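What follows is the content of upload.txt, which has compact mmCIF, C-alpha atoms:
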```
# COMPACT_ATOMS: atom_id res chain seq x y z
CA MET A 1 237.14 -141.83 -149.12
CA SER A 2 234.27 -143.74 -147.58
CA HIS A 3 232.44 -143.31 -150.85
CA SER A 4 233.98 -146.29 -152.57
CA THR A 5 233.73 -148.60 -149.58
CA THR A 6 230.20 -147.72 -148.49
CA HIS A 7 228.45 -148.03 -151.80
CA GLU A 8 229.58 -151.19 -153.46
CA THR A 9 226.18 -152.82 -153.18
CA HIS A 10 224.30 -150.57 -155.53
CA GLY A 11 221.61 -151.78 -157.86
CA ASN A 12 222.02 -152.00 -161.56
CA GLY A 13 222.05 -148.24 -161.87
CA THR A 14 220.26 -146.56 -164.71
CA SER A 15 218.47 -149.63 -166.02
CA GLU A 16 216.97 -150.27 -162.60
CA ILE A 17 215.89 -146.63 -162.32
CA LYS A 18 214.19 -146.89 -165.72
CA LYS A 19 212.47 -150.11 -164.78
CA VAL A 20 211.13 -148.70 -161.50
CA THR A 21 210.01 -145.50 -163.23
CA ILE A 22 207.99 -147.51 -165.70
CA ILE A 23 206.51 -149.66 -162.93
CA LEU A 24 205.50 -146.59 -160.90
CA THR A 25 203.97 -144.95 -163.95
CA VAL A 26 201.98 -148.06 -164.86
CA LEU A 27 200.77 -148.50 -161.28
CA THR A 28 199.65 -144.87 -161.16
CA ILE A 29 197.84 -145.17 -164.48
CA VAL A 30 196.04 -148.31 -163.28
CA GLU A 31 195.11 -146.50 -160.06
CA LEU A 32 193.70 -143.59 -162.04
CA ALA A 33 191.83 -145.92 -164.38
CA LEU A 34 190.22 -147.58 -161.36
CA GLY A 35 189.47 -144.12 -159.97
CA PHE A 36 187.73 -143.09 -163.20
CA TRP A 37 185.83 -146.35 -163.24
CA MET A 38 184.51 -145.65 -159.74
CA ILE A 39 183.02 -142.25 -160.68
CA GLY A 40 179.26 -142.34 -160.26
CA MET A 41 179.27 -145.95 -159.12
CA GLU A 42 176.78 -147.01 -156.47
CA HIS A 43 178.08 -147.90 -153.03
CA ASP A 44 178.21 -151.64 -153.29
CA GLY A 45 180.60 -154.56 -153.12
CA LEU A 46 182.29 -153.80 -156.43
CA ARG A 47 183.12 -150.28 -155.33
CA ASN A 48 184.72 -151.57 -152.14
CA ALA A 49 186.64 -154.16 -154.14
CA ILE A 50 188.04 -151.42 -156.37
CA LYS A 51 189.00 -149.41 -153.30
CA GLY A 52 190.81 -152.46 -151.96
CA ALA A 53 192.65 -152.84 -155.25
CA ILE A 54 193.68 -149.18 -155.13
CA VAL A 55 195.07 -149.63 -151.62
CA ILE A 56 197.08 -152.64 -152.76
CA LEU A 57 198.46 -150.67 -155.72
CA MET A 58 199.31 -147.82 -153.34
CA LEU A 59 201.29 -150.20 -151.14
CA ALA A 60 203.06 -151.58 -154.21
CA LYS A 61 204.06 -148.05 -155.21
CA ALA A 62 205.30 -147.38 -151.69
CA PHE A 63 207.36 -150.59 -151.85
CA TYR A 64 209.04 -149.56 -155.11
CA ILE A 65 209.76 -146.02 -153.92
CA VAL A 66 211.20 -147.12 -150.59
CA GLY A 67 212.92 -150.25 -151.90
CA TYR A 68 214.53 -148.88 -155.02
CA PHE A 69 214.48 -145.07 -155.05
CA MET A 70 215.34 -144.83 -151.37
CA HIS A 71 217.53 -147.85 -151.85
CA LEU A 72 216.39 -149.65 -148.71
CA LYS A 73 216.25 -153.00 -150.50
CA HIS A 74 220.00 -152.90 -151.05
CA GLU A 75 220.86 -152.04 -147.45
CA ILE A 76 221.96 -154.50 -144.82
CA ARG A 77 219.13 -156.64 -143.48
CA ASN A 78 219.54 -155.47 -139.88
CA MET A 79 219.15 -151.87 -140.96
CA ILE A 80 216.04 -152.69 -142.97
CA MET A 81 214.60 -154.31 -139.85
CA THR A 82 215.24 -151.29 -137.63
CA ILE A 83 213.19 -149.20 -140.08
CA VAL A 84 210.46 -151.62 -141.10
CA VAL A 85 209.68 -153.36 -137.81
CA PRO A 86 208.63 -150.16 -135.95
CA LEU A 87 206.46 -149.24 -138.94
CA ALA A 88 204.64 -152.55 -138.49
CA LEU A 89 202.83 -150.78 -135.63
CA PHE A 90 200.76 -149.18 -138.36
CA VAL A 91 198.97 -152.47 -138.90
CA TRP A 92 197.59 -152.24 -135.39
CA PHE A 93 197.01 -148.47 -135.60
CA ILE A 94 194.94 -148.75 -138.74
CA ILE A 95 192.85 -151.71 -137.62
CA ALA A 96 192.23 -150.33 -134.11
CA PHE A 97 191.38 -146.77 -135.12
CA LEU A 98 189.21 -147.57 -138.10
CA TYR A 99 187.36 -150.17 -136.03
CA ASP A 100 186.88 -147.53 -133.34
CA GLY A 101 185.56 -145.03 -135.86
CA ASN A 102 183.16 -147.54 -137.29
CA SER A 103 181.96 -148.50 -133.83
CA PHE A 104 181.35 -144.83 -133.00
CA ARG A 105 179.23 -144.45 -136.11
CA ASN A 106 177.16 -147.49 -135.15
CA LEU A 107 176.69 -146.16 -131.64
CA ARG A 108 175.60 -142.76 -132.92
CA ASN A 109 173.21 -144.28 -135.41
CA THR A 110 171.73 -146.41 -132.63
CA TYR A 111 171.55 -143.93 -129.76
CA ASP A 112 171.58 -140.50 -131.41
CA PRO A 113 168.34 -140.14 -133.39
CA HIS A 114 169.13 -136.52 -134.25
CA TYR A 115 172.40 -137.49 -135.89
CA ARG A 116 170.76 -140.36 -137.78
CA GLU A 117 167.97 -138.11 -138.99
CA GLN A 118 170.41 -135.42 -140.10
CA SER A 119 172.25 -137.89 -142.26
CA THR A 120 169.10 -138.84 -144.16
CA ILE A 121 167.77 -135.34 -144.94
CA LYS A 122 168.84 -134.10 -148.35
CA VAL A 123 169.73 -130.43 -148.48
CA GLU A 124 169.91 -128.04 -151.44
CA LYS A 125 173.32 -127.49 -152.90
CA LYS A 126 174.24 -123.88 -152.49
CA GLU A 127 174.62 -121.93 -155.71
CA HIS A 128 178.15 -121.89 -157.01
CA GLY A 129 179.87 -118.76 -155.81
CA ALA A 130 177.18 -118.06 -153.25
CA ALA A 131 179.44 -119.46 -150.57
CA THR A 132 181.26 -116.20 -150.09
CA HIS A 133 182.79 -115.53 -146.78
CA GLY A 134 179.91 -113.61 -145.40
CA ALA A 135 177.21 -116.16 -146.01
CA GLY A 136 179.30 -119.26 -146.36
CA GLU A 137 181.34 -118.79 -143.26
CA LYS A 138 179.02 -120.84 -141.11
CA PRO A 139 177.63 -123.61 -143.25
CA ALA A 140 176.10 -125.30 -140.22
CA GLU A 141 173.65 -122.42 -139.75
CA ASN A 142 172.73 -122.34 -143.42
CA LYS A 143 172.01 -126.03 -143.32
CA GLY A 144 169.83 -125.57 -140.29
CA ALA A 145 167.81 -122.93 -142.12
CA VAL A 146 167.35 -125.16 -145.14
CA GLU A 147 166.33 -128.14 -143.09
CA SER A 148 163.80 -126.26 -141.00
CA LYS A 149 161.79 -125.64 -144.16
CA HIS A 150 161.29 -129.35 -144.74
CA MET B 1 227.26 -173.81 -126.61
CA SER B 2 230.61 -172.42 -127.54
CA THR B 3 229.56 -172.21 -131.18
CA THR B 4 226.57 -170.01 -130.34
CA THR B 5 228.64 -167.61 -128.27
CA THR B 6 231.17 -167.17 -131.02
CA ALA B 7 228.38 -166.70 -133.52
CA THR B 8 226.72 -163.95 -131.49
CA THR B 9 229.92 -162.13 -130.71
CA GLY B 10 230.58 -162.15 -134.42
CA LYS B 11 227.18 -160.62 -135.17
CA LEU B 12 227.08 -157.99 -132.44
CA TRP B 13 228.62 -154.64 -133.05
CA GLY B 14 231.78 -154.12 -131.07
CA GLY B 15 232.21 -150.52 -132.12
CA GLY B 16 234.34 -149.27 -134.97
CA LYS B 17 232.87 -149.93 -138.37
CA SER B 18 229.12 -149.33 -138.64
CA PRO B 19 227.16 -152.59 -138.52
CA PHE B 20 224.74 -151.17 -141.05
CA ASN B 21 227.48 -150.15 -143.46
CA VAL B 22 225.97 -146.69 -143.87
CA GLU B 23 227.28 -143.41 -142.62
CA TYR B 24 225.83 -141.82 -139.51
CA GLY B 25 223.98 -138.99 -141.26
CA LYS B 26 222.18 -141.28 -143.64
CA LEU B 27 221.09 -143.62 -140.86
CA MET B 28 219.79 -140.68 -138.84
CA MET B 29 217.93 -139.39 -141.90
CA TRP B 30 216.25 -142.77 -142.13
CA TYR B 31 215.20 -142.60 -138.48
CA PHE B 32 213.95 -139.05 -138.92
CA LEU B 33 211.90 -140.15 -141.91
CA MET B 34 210.53 -143.04 -139.89
CA SER B 35 209.37 -140.61 -137.21
CA ASP B 36 207.90 -138.37 -139.90
CA ALA B 37 206.08 -141.39 -141.31
CA PHE B 38 204.42 -141.78 -137.91
CA THR B 39 203.36 -138.13 -137.97
CA PHE B 40 201.77 -138.46 -141.39
CA GLY B 41 200.38 -141.85 -140.45
CA ALA B 42 198.72 -140.33 -137.39
CA PHE B 43 197.14 -137.63 -139.55
CA LEU B 44 195.87 -140.06 -142.14
CA ILE B 45 194.61 -142.58 -139.60
CA SER B 46 192.81 -139.78 -137.77
CA TYR B 47 191.21 -138.80 -141.08
CA GLY B 48 190.22 -142.41 -141.68
CA THR B 49 188.75 -142.75 -138.20
CA ILE B 50 186.61 -139.64 -138.58
CA ARG B 51 185.51 -140.75 -142.01
CA PHE B 52 184.55 -144.18 -140.70
CA SER B 53 182.59 -142.58 -137.84
CA THR B 54 180.54 -140.37 -140.18
CA ASN B 55 177.53 -141.44 -142.22
CA GLY B 56 178.08 -139.24 -145.24
CA TRP B 57 181.19 -137.86 -146.88
CA PRO B 58 181.70 -135.52 -149.87
CA ASP B 59 182.52 -137.19 -153.18
CA PRO B 60 186.10 -136.27 -154.14
CA ASN B 61 185.17 -136.43 -157.82
CA GLU B 62 182.64 -133.66 -157.22
CA VAL B 63 185.02 -131.53 -155.17
CA PHE B 64 188.25 -131.86 -157.11
CA ARG B 65 186.98 -131.56 -160.63
CA SER B 66 188.35 -128.26 -161.89
CA PHE B 67 191.34 -127.49 -163.99
CA PRO B 68 193.33 -124.28 -164.54
CA PHE B 69 192.12 -122.14 -167.44
CA ALA B 70 189.18 -124.46 -168.02
CA PRO B 71 185.82 -122.69 -168.28
CA GLU B 72 183.47 -122.82 -165.31
CA GLY B 73 181.36 -125.92 -165.12
CA VAL B 74 183.92 -128.20 -166.71
CA HIS B 75 183.95 -131.54 -164.91
CA ALA B 76 187.41 -133.02 -165.03
CA PRO B 77 187.73 -135.15 -161.93
CA LEU B 78 191.14 -136.67 -161.17
CA VAL B 79 192.80 -134.97 -164.15
CA PHE B 80 194.57 -132.16 -162.34
CA VAL B 81 195.66 -134.29 -159.41
CA SER B 82 197.04 -136.96 -161.71
CA ILE B 83 199.23 -134.32 -163.31
CA MET B 84 200.44 -133.32 -159.83
CA THR B 85 201.15 -136.97 -159.05
CA PHE B 86 203.18 -137.46 -162.20
CA ILE B 87 205.12 -134.25 -161.58
CA LEU B 88 206.16 -135.59 -158.17
CA ILE B 89 207.03 -139.06 -159.51
CA ILE B 90 209.17 -137.59 -162.28
CA SER B 91 210.93 -135.24 -159.88
CA SER B 92 211.64 -138.29 -157.72
CA VAL B 93 213.18 -140.00 -160.74
CA THR B 94 215.40 -137.01 -161.51
CA MET B 95 216.46 -137.03 -157.85
CA VAL B 96 217.52 -140.68 -158.17
CA LEU B 97 219.47 -139.74 -161.27
CA ALA B 98 221.16 -136.92 -159.34
CA VAL B 99 222.17 -139.33 -156.57
CA HIS B 100 223.33 -141.79 -159.21
CA ALA B 101 225.43 -139.11 -160.92
CA GLY B 102 226.85 -138.25 -157.50
CA HIS B 103 228.12 -141.79 -157.06
CA LYS B 104 229.97 -141.46 -160.32
CA MET B 105 231.36 -138.06 -159.22
CA ASP B 106 229.63 -136.56 -162.23
CA LYS B 107 229.13 -132.96 -161.15
CA LYS B 108 227.36 -131.92 -164.35
CA GLY B 109 224.86 -134.73 -164.02
CA VAL B 110 224.18 -133.84 -160.39
CA VAL B 111 223.59 -130.19 -161.25
CA ARG B 112 221.33 -130.95 -164.21
CA ASN B 113 219.17 -133.46 -162.36
CA LEU B 114 218.98 -131.34 -159.22
CA ILE B 115 217.71 -128.43 -161.30
CA TRP B 116 215.03 -130.68 -162.81
CA THR B 117 214.08 -131.89 -159.35
CA ILE B 118 213.76 -128.33 -158.06
CA ILE B 119 211.64 -127.39 -161.08
CA GLY B 120 209.42 -130.40 -160.43
CA GLY B 121 209.04 -129.45 -156.79
CA LEU B 122 208.15 -125.87 -157.65
CA ALA B 123 205.69 -127.06 -160.29
CA PHE B 124 204.00 -129.25 -157.71
CA LEU B 125 203.81 -126.38 -155.23
CA GLY B 126 202.37 -124.17 -157.96
CA CYS B 127 199.68 -126.75 -158.72
CA GLN B 128 198.84 -127.04 -155.05
CA ALA B 129 198.68 -123.28 -154.64
CA TRP B 130 196.28 -123.09 -157.57
CA GLU B 131 194.10 -125.85 -156.17
CA TRP B 132 193.98 -124.29 -152.71
CA THR B 133 193.13 -120.90 -154.17
CA HIS B 134 190.40 -122.40 -156.30
CA LEU B 135 188.88 -124.29 -153.36
CA PHE B 136 189.11 -121.18 -151.22
CA HIS B 137 187.12 -119.22 -153.80
CA GLU B 138 184.51 -121.96 -153.77
CA GLY B 139 184.16 -121.31 -150.05
CA ALA B 140 186.26 -124.19 -148.74
CA TRP B 141 188.71 -123.49 -145.95
CA TRP B 142 189.44 -124.65 -142.43
CA GLY B 143 186.07 -124.54 -140.69
CA SER B 144 184.09 -124.00 -143.87
CA ASN B 145 182.83 -126.71 -146.17
CA PRO B 146 180.54 -125.73 -149.08
CA PHE B 147 180.37 -129.27 -150.47
CA LEU B 148 177.51 -131.61 -149.68
CA ASN B 149 177.94 -135.27 -148.93
CA ALA B 150 177.89 -137.66 -151.85
CA ASP B 151 174.29 -138.66 -151.00
CA GLY B 152 173.10 -135.03 -150.93
CA THR B 153 172.96 -134.69 -147.15
CA ALA B 154 174.56 -131.90 -145.15
CA SER B 155 178.27 -132.37 -144.55
CA SER B 156 180.47 -131.38 -141.65
CA THR B 157 183.65 -129.34 -141.87
CA ASN B 158 185.76 -132.43 -141.14
CA PHE B 159 186.33 -132.94 -144.84
CA THR B 160 187.93 -129.55 -145.52
CA ASN B 161 189.73 -129.45 -142.17
CA TYR B 162 191.50 -132.72 -142.89
CA PHE B 163 192.12 -131.90 -146.52
CA PHE B 164 193.79 -128.55 -145.85
CA THR B 165 195.70 -129.77 -142.80
CA ILE B 166 197.14 -132.87 -144.42
CA THR B 167 197.83 -131.51 -147.91
CA GLY B 168 199.18 -128.38 -146.21
CA PHE B 169 201.54 -130.38 -144.06
CA HIS B 170 202.65 -132.31 -147.11
CA GLY B 171 203.05 -129.12 -149.11
CA PHE B 172 205.22 -127.76 -146.31
CA HIS B 173 207.41 -130.84 -146.67
CA VAL B 174 207.63 -130.29 -150.41
CA PHE B 175 208.64 -126.70 -149.76
CA SER B 176 211.33 -127.81 -147.29
CA GLY B 177 212.52 -130.37 -149.81
CA VAL B 178 212.84 -127.72 -152.51
CA VAL B 179 214.84 -125.50 -150.13
CA ILE B 180 217.10 -128.44 -149.23
CA ASN B 181 217.60 -129.23 -152.91
CA ILE B 182 218.45 -125.61 -153.67
CA VAL B 183 221.04 -125.70 -150.88
CA MET B 184 222.42 -128.93 -152.37
CA LEU B 185 222.57 -127.29 -155.79
CA ILE B 186 224.47 -124.30 -154.44
CA MET B 187 226.89 -126.57 -152.54
CA THR B 188 227.44 -128.61 -155.70
CA LEU B 189 228.09 -125.50 -157.76
CA MET B 190 230.55 -124.32 -155.10
CA ASP B 191 232.41 -127.64 -155.50
CA LYS B 192 231.83 -128.51 -151.83
CA PHE B 193 231.31 -132.17 -152.63
CA GLU B 194 234.23 -132.35 -155.03
CA GLN B 195 236.39 -131.09 -152.15
CA ARG B 196 234.92 -133.68 -149.79
CA GLY B 197 235.51 -136.39 -152.34
CA HIS B 198 231.94 -137.71 -152.21
CA TYR B 199 228.35 -136.68 -152.87
CA LEU B 200 226.81 -138.45 -149.86
CA MET B 201 224.95 -135.29 -148.85
CA ILE B 202 222.93 -135.48 -152.08
CA GLU B 203 221.91 -138.97 -151.05
CA LYS B 204 220.46 -137.73 -147.76
CA ALA B 205 218.59 -134.93 -149.50
CA GLY B 206 217.40 -137.55 -151.96
CA LEU B 207 216.02 -139.72 -149.16
CA TYR B 208 214.01 -136.77 -147.89
CA TRP B 209 212.73 -135.95 -151.36
CA HIS B 210 211.63 -139.54 -152.03
CA PHE B 211 209.86 -139.55 -148.70
CA VAL B 212 207.89 -136.50 -149.81
CA ASP B 213 206.90 -138.40 -152.95
CA LEU B 214 206.04 -141.45 -150.84
CA VAL B 215 203.74 -139.43 -148.59
CA TRP B 216 202.00 -137.98 -151.62
CA VAL B 217 201.24 -141.52 -152.81
CA PHE B 218 199.28 -142.04 -149.60
CA VAL B 219 197.71 -138.57 -149.44
CA PHE B 220 196.68 -138.74 -153.08
CA THR B 221 195.08 -142.14 -152.61
CA CYS B 222 193.29 -141.28 -149.37
CA PHE B 223 191.86 -137.94 -150.48
CA TYR B 224 191.30 -138.21 -154.21
CA LEU B 225 190.75 -141.88 -154.99
CA LEU B 226 189.11 -143.54 -152.02
```
Output the file's structure in the form of structure tokens.
Amino acid sequence: MSHSTTHETHGNGTSEIKKVTIILTVLTIVELALGFWMIGMEHDGLRNAIKGAIVILMLAKAFYIVGYFMHLKHEIRNMIMTIVVPLALFVWFIIAFLYDGNSFRNLRNTYDPHYREQSTIKVEKKEHGAATHGAGEKPAENKGAVESKH
Amino acid sequence: MSTTTTATTGKLWGGGKSPFNVEYGKLMMWYFLMSDAFTFGAFLISYGTIRFSTNGWPDPNEVFRSFPFAPEGVHAPLVFVSIMTFILIISSVTMVLAVHAGHKMDKKGVVRNLIWTIIGGLAFLGCQAWEWTHLFHEGAWWGSNPFLNADGTASSTNFTNYFFTITGFHGFHVFSGVVINIVMLIMTLMDKFEQRGHYLMIEKAGLYWHFVDLVWVFVFTCFYLL
């Protein structure tokens, strides 16, 4: 019934599925390669650049999944807009909230000397397996004990 | 002026045939998924905000470095989670193939690909269950974080709270997706869709399943890579 009329505008079928599968796989492998590259890297500009690249690859993957697997690219433009335009709010959400978080960190580092000091004191890593649920339940107290020795 | 009025009346929907040329259920599935995207987005943005407001944060490569059956002390960061990622991508592909077979009224193809999708979903859930169990035995749980920050300073429990909440919520979606796919499989085997003359229901289940994969792309990136 409605099957034949509703779905005339399909993509190229199996060849498109294959193509998108390969693209998604390659993007994931590149992401992982960047992830492996970042291991042990100092916090500097290069590290942030790699993180930016990973975010871009993530968005590319999202585009291919939504566009081709979920078939949104082949829908009518008005329908695409009713889905995508509300999601554009995320641009504001992300910028506003991350900016807020960053501002809160700056405020704490400026006006909360205790917090700033805490985040410079190195603590001993607990022995593996020592964090059982008797002793490890309240890590905050353990940390306090370790720090008081310094 | 008359040309503009005729143009708009032509574009506006006067009832009858759907202006989006999709059936009601599929459109509503899209809107549900959009709302679900806001839920996940809120979780992830909250995670990002807390992370941005904190000086130190645990290094994911130190936390997620173990592998099933590997001896203790083996450092294999990213390996296990990349397997989970590929499992979900492949199960998404088999779901597309199931939807594709449905368009061609190919019942056998639908059944075969749905079974693969269900297996992929269960495999992912199994991996996640293993990872959660492993982290739990290391002392990580809601309200308990045994891992230090990357710079060796004391960490807060925000890291584990967000990790278990967000991966848990995603895992719950995977579980729901597997249940939905099993229902679809049973309906296909009972010839429900052959009787209806179309496999549009598979398409809606497929949208949900792809969304689960889509969310994992973001969760995976935010927790394991960044």
Determine the nearest neighbour of A:Ile29 from the options A:Ala49, A:Met58, A:Val85, A:Leu107, counting only C-alpha atoms. A:Met58
Dump as a VMD selection string the residues of chain B that approach chain A to within 7 Å, counting all atoms listed in the file. chain B and resid 20 to 22 34 45 48 to 50 52 to 56 61 93 96 138 to 139 144 to 146 148 152 to 154 197 to 198 207 210 214 217 to 218 225 to 226
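Distance-wise, atom CA of A:Leu27 and atom CA of B:Trp209 end up 20.0 Å apart.
Between atom CA of B:Lys26 and atom CA of B:Cys222 the separation is 29.5 Å.
For the pair atom CA of A:Trp92 and atom CA of B:Leu44, the interatomic distance is 14.0 Å.
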Expected residue set, 8 Å radius at (176.6, -142.8, -152.5), all atoms listed in the file, as a list of chain:residue names: A:Met41, A:Glu42, A:His43, B:Ala150, B:Asp151
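In this comparison, which uses only C-alpha atoms, the residue of B:Ala140, B:Val219, B:Leu122, B:Ala98 approaching B:His170 most closely is B:Val219.
Near (211.7, -127.9, -162.3), the residues that fall inside 12 Å on the basis of all atoms listed in the file are Ile87, Leu88, Ile90, Ser91, Ser92, Thr94, Met95, Arg112, Asn113, Leu114, Ile115, Trp116, Thr117, Ile118, Ile119, Gly120, Gly121, Leu122, Ala123, Phe124, Leu125, Gly126, Val178, Asn181 and Ile182 of chain B.
Every protein, DNA or RNA residue with an atom at most 6 Å from B:Val99, where all atoms listed in the file count and chain neighbours fewer than 3 positions away do not, is listed here: Val96, Gly102, Ile202 and Glu203 of chain B.
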Write out as JSON, numbers by chain the residues lying within 10 Å of B:His134, counting only C-alpha atoms and excluding same-chain residues fewer than 6 positions away. {"B": [64, 66, 67, 68, 128, 140]}
